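Student: I am attaching a structure below and will ask some questions about it afterwards.
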Amino acid sequence: MEQHRGQPDPARPFELPNLFTQDIDTVPVHCVRPADTSHPTWAVYQHTRYLGTVHARAGTCWYIQRTRELHTDFANAVRALRRPPSWPRARAQAVHWARQTLGNADLRIINIQTTGLHDPRALQIAVADRTGILFNELINPDHPVDPAATRLHQHTQHTTRDAPSFSDVLPQLTNALHGRHCITYNLPFVQQVLRSEIARHHGSANPHAPLPASASWEDAMIPIAQWTGLWSVQHHNYRWPRLPGTHEATAKCQAVLRHLTDLAHN
């Protein structure tokens with residue numbers, strides 16, 4: 001049987017050899033085409049452990065025979081095969097969480113676009129509930145915008161120069177979040193940005209500045225990762241999937257809401 005040494009390209013599945021090895025999250029998997037078929041089908045092994053069988057389909061989709069899933073990325077198909085036995089329970093917990101969350105009349109979804117990852121300043125903030133966008137403001141950060149951030153959300157100091165400051169919009173934002181159940185994606189980062197902005201508003205550098213009063217906070221990224229179930233052996237945890245769509249605050253709020261709805265309907 002033909003063996004391919006090195007890293008073949010799973011994005012071209014119909015050109016893959018009968019036997020090849022691919023590193024996924026630094027751990028190699030060995031893929032073997034059964035001898036009794038010429039179809040683009042491979043049994044996947046990690047060390048000597050059989051993980052499952054994948055089938056290449058038109059459009060470079062990968063079909064997992066055991067779970068009847070389609071993945072556009074070969075690495076994600078392998079991550080799905082690597083799920084621990086506890087995944088059905090984790091997925092059921094995520095579904096239960098989503099149903100409770102969507103049933104909460106105080107639900108608010110918040111997204112913040114920033115100047116970058118280093119010393120991030122708020123550049124756009126949006127808040128939504130189940131019915132639509134409640135708050136959406138472009139903000140003048142009075143701070144340079146990282147070119148890498150600009151490539152994502154298309155904003156610069158020039159495009160935000162006439163926008164209000166964070167202090168200008170803080171009363172309206174506080175009213176939108178006060179006493180609500182706030183859901184976001186990557187909660188530590190969002191809270192870091194909010195606390196920094198509130199501290200600057202009050203003329204301090206307190207990294208633990210209080211957030212809008214009486215609001216409770218949860219991170220949607222964790223249950224969404226559990227529900228998706230792409231296991232990273234490198235981090236021994238579920239991978240955090242990227243939110244689809246453009247890097248625009250209202251679009252990200254809507255993407256979180258769609259995820260919650262998908263989870264709730266299992």
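By order of appearance in the structure tokens: chains A, B, ..., then residues from 1 within every chain, and ligands from 1 in the order shown.
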Cys61 of chain A: which residues within 6 Å, counting only C-alpha atoms, same-chain residues fewer than 2 positions away excluded, as a list in words?
Tutor: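 Those residues are Ala56, Arg57, Gly59, His71 and Thr72 of chain A.
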Student: If we count only C-alpha atoms, what is near Gly116 of chain A at a cut-off of 6 Å, once residues fewer than 3 positions away on the same chain are taken out, given as a list of chain:residue names?
Tutor: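 The residues satisfying every condition are A:Pro120, A:Asp146, A:Ala149.
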Student: Out of segment 124-263 of chain A, which residues get strand (DSSP E) from DSSP, as a list in words?
Tutor: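 In segment 124-263 of chain A, DSSP puts these residues in strand (DSSP E): Gln124, Ile125, Ala126, Val127, Ala128, Ile133, Leu134, Phe135, Asn136, Glu137, Leu138, His181, Cys182, Ile183, Thr184, Ser216, Trp217, Glu218, Asp219, Trp231, Ser232, Asn237 and Tyr238 of chain A.
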Student: Keeping N, CA and C atoms for every residue in the selection just given, could you write it to a file as a CSV table (one decimal), in the first residue's frame?
Tutor:
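Output file part28.csv is given in full below:
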```
chain,number,residue,atom,x,y,z
A,124,GLN,N,-16.7,49.7,19.5
A,124,GLN,CA,-18.1,49.5,19.2
A,124,GLN,C,-18.7,48.5,20.2
A,125,ILE,N,-19.9,48.9,20.7
A,125,ILE,CA,-20.6,48.1,21.7
A,125,ILE,C,-22.0,47.9,21.2
A,126,ALA,N,-22.5,46.6,21.3
A,126,ALA,CA,-23.9,46.3,20.9
A,126,ALA,C,-24.5,45.5,22.0
A,127,VAL,N,-25.8,45.7,22.3
A,127,VAL,CA,-26.5,44.8,23.2
A,127,VAL,C,-27.8,44.4,22.5
A,128,ALA,N,-28.1,43.1,22.7
A,128,ALA,CA,-29.4,42.6,22.0
A,128,ALA,C,-30.1,41.8,23.0
A,133,ILE,N,-31.7,44.2,18.3
A,133,ILE,CA,-30.7,45.1,18.9
A,133,ILE,C,-31.3,46.2,19.7
A,134,LEU,N,-30.8,46.3,21.0
A,134,LEU,CA,-31.3,47.3,21.9
A,134,LEU,C,-30.4,48.5,22.0
A,135,PHE,N,-29.1,48.2,21.7
A,135,PHE,CA,-28.1,49.3,21.9
A,135,PHE,C,-27.0,49.0,20.9
A,136,ASN,N,-26.6,50.1,20.2
A,136,ASN,CA,-25.5,49.9,19.2
A,136,ASN,C,-24.8,51.2,19.0
A,137,GLU,N,-23.6,51.3,19.5
A,137,GLU,CA,-22.8,52.6,19.4
A,137,GLU,C,-21.4,52.4,19.0
A,138,LEU,N,-21.0,53.2,17.9
A,138,LEU,CA,-19.6,53.3,17.6
A,138,LEU,C,-19.0,54.3,18.6
A,181,HIS,N,-29.5,39.6,32.8
A,181,HIS,CA,-28.6,38.4,32.7
A,181,HIS,C,-27.8,38.5,31.4
A,182,CYS,N,-26.5,38.9,31.5
A,182,CYS,CA,-25.7,39.3,30.4
A,182,CYS,C,-24.9,38.1,29.9
A,183,ILE,N,-25.1,37.8,28.6
A,183,ILE,CA,-24.4,36.7,27.9
A,183,ILE,C,-23.4,37.3,26.9
A,184,THR,N,-22.2,36.8,26.9
A,184,THR,CA,-21.2,37.3,25.9
A,184,THR,C,-20.4,36.1,25.5
A,216,SER,N,-25.9,40.0,36.1
A,216,SER,CA,-25.2,38.7,36.2
A,216,SER,C,-24.6,38.4,34.9
A,217,TRP,N,-23.5,37.6,34.9
A,217,TRP,CA,-22.8,37.4,33.6
A,217,TRP,C,-22.5,36.0,33.4
A,218,GLU,N,-22.6,35.5,32.2
A,218,GLU,CA,-22.2,34.2,31.8
A,218,GLU,C,-21.5,34.2,30.4
A,219,ASP,N,-20.6,33.2,30.2
A,219,ASP,CA,-19.9,33.1,29.0
A,219,ASP,C,-20.5,32.0,28.1
A,231,TRP,N,-12.7,18.2,20.3
A,231,TRP,CA,-11.8,18.0,21.4
A,231,TRP,C,-10.3,18.3,21.0
A,232,SER,N,-9.6,19.1,21.8
A,232,SER,CA,-8.2,19.3,21.6
A,232,SER,C,-7.4,18.5,22.6
A,237,ASN,N,-9.3,19.8,26.4
A,237,ASN,CA,-10.6,20.5,26.6
A,237,ASN,C,-11.2,20.7,25.2
A,238,TYR,N,-12.5,21.1,25.2
A,238,TYR,CA,-13.1,21.4,23.9
A,238,TYR,C,-12.6,22.7,23.4
```
Student: Do a neighbour search on segment 23-27 of chain A at 7 Å with only C-alpha atoms, toss out local chain neighbours closer than 5 positions, and write the hits as a ChimeraX atom specification.
Tutor: /A:75,232-234
Student: At a cut-off of 10 Å, using only C-alpha atoms, what residues contact Thr174 of chain A? Leave out same-chain residues fewer than 2 positions from it and give the result as an NGL selection string.
Tutor: :A and (169-172 or 176-179 or 211-213 or 215)
Student: What is the distance, in Å and to one decimal place, between atom CA of Ala148 of chain A and atom CA of His259 of chain A?
Tutor: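 Those two atoms sit 26.3 Å apart.
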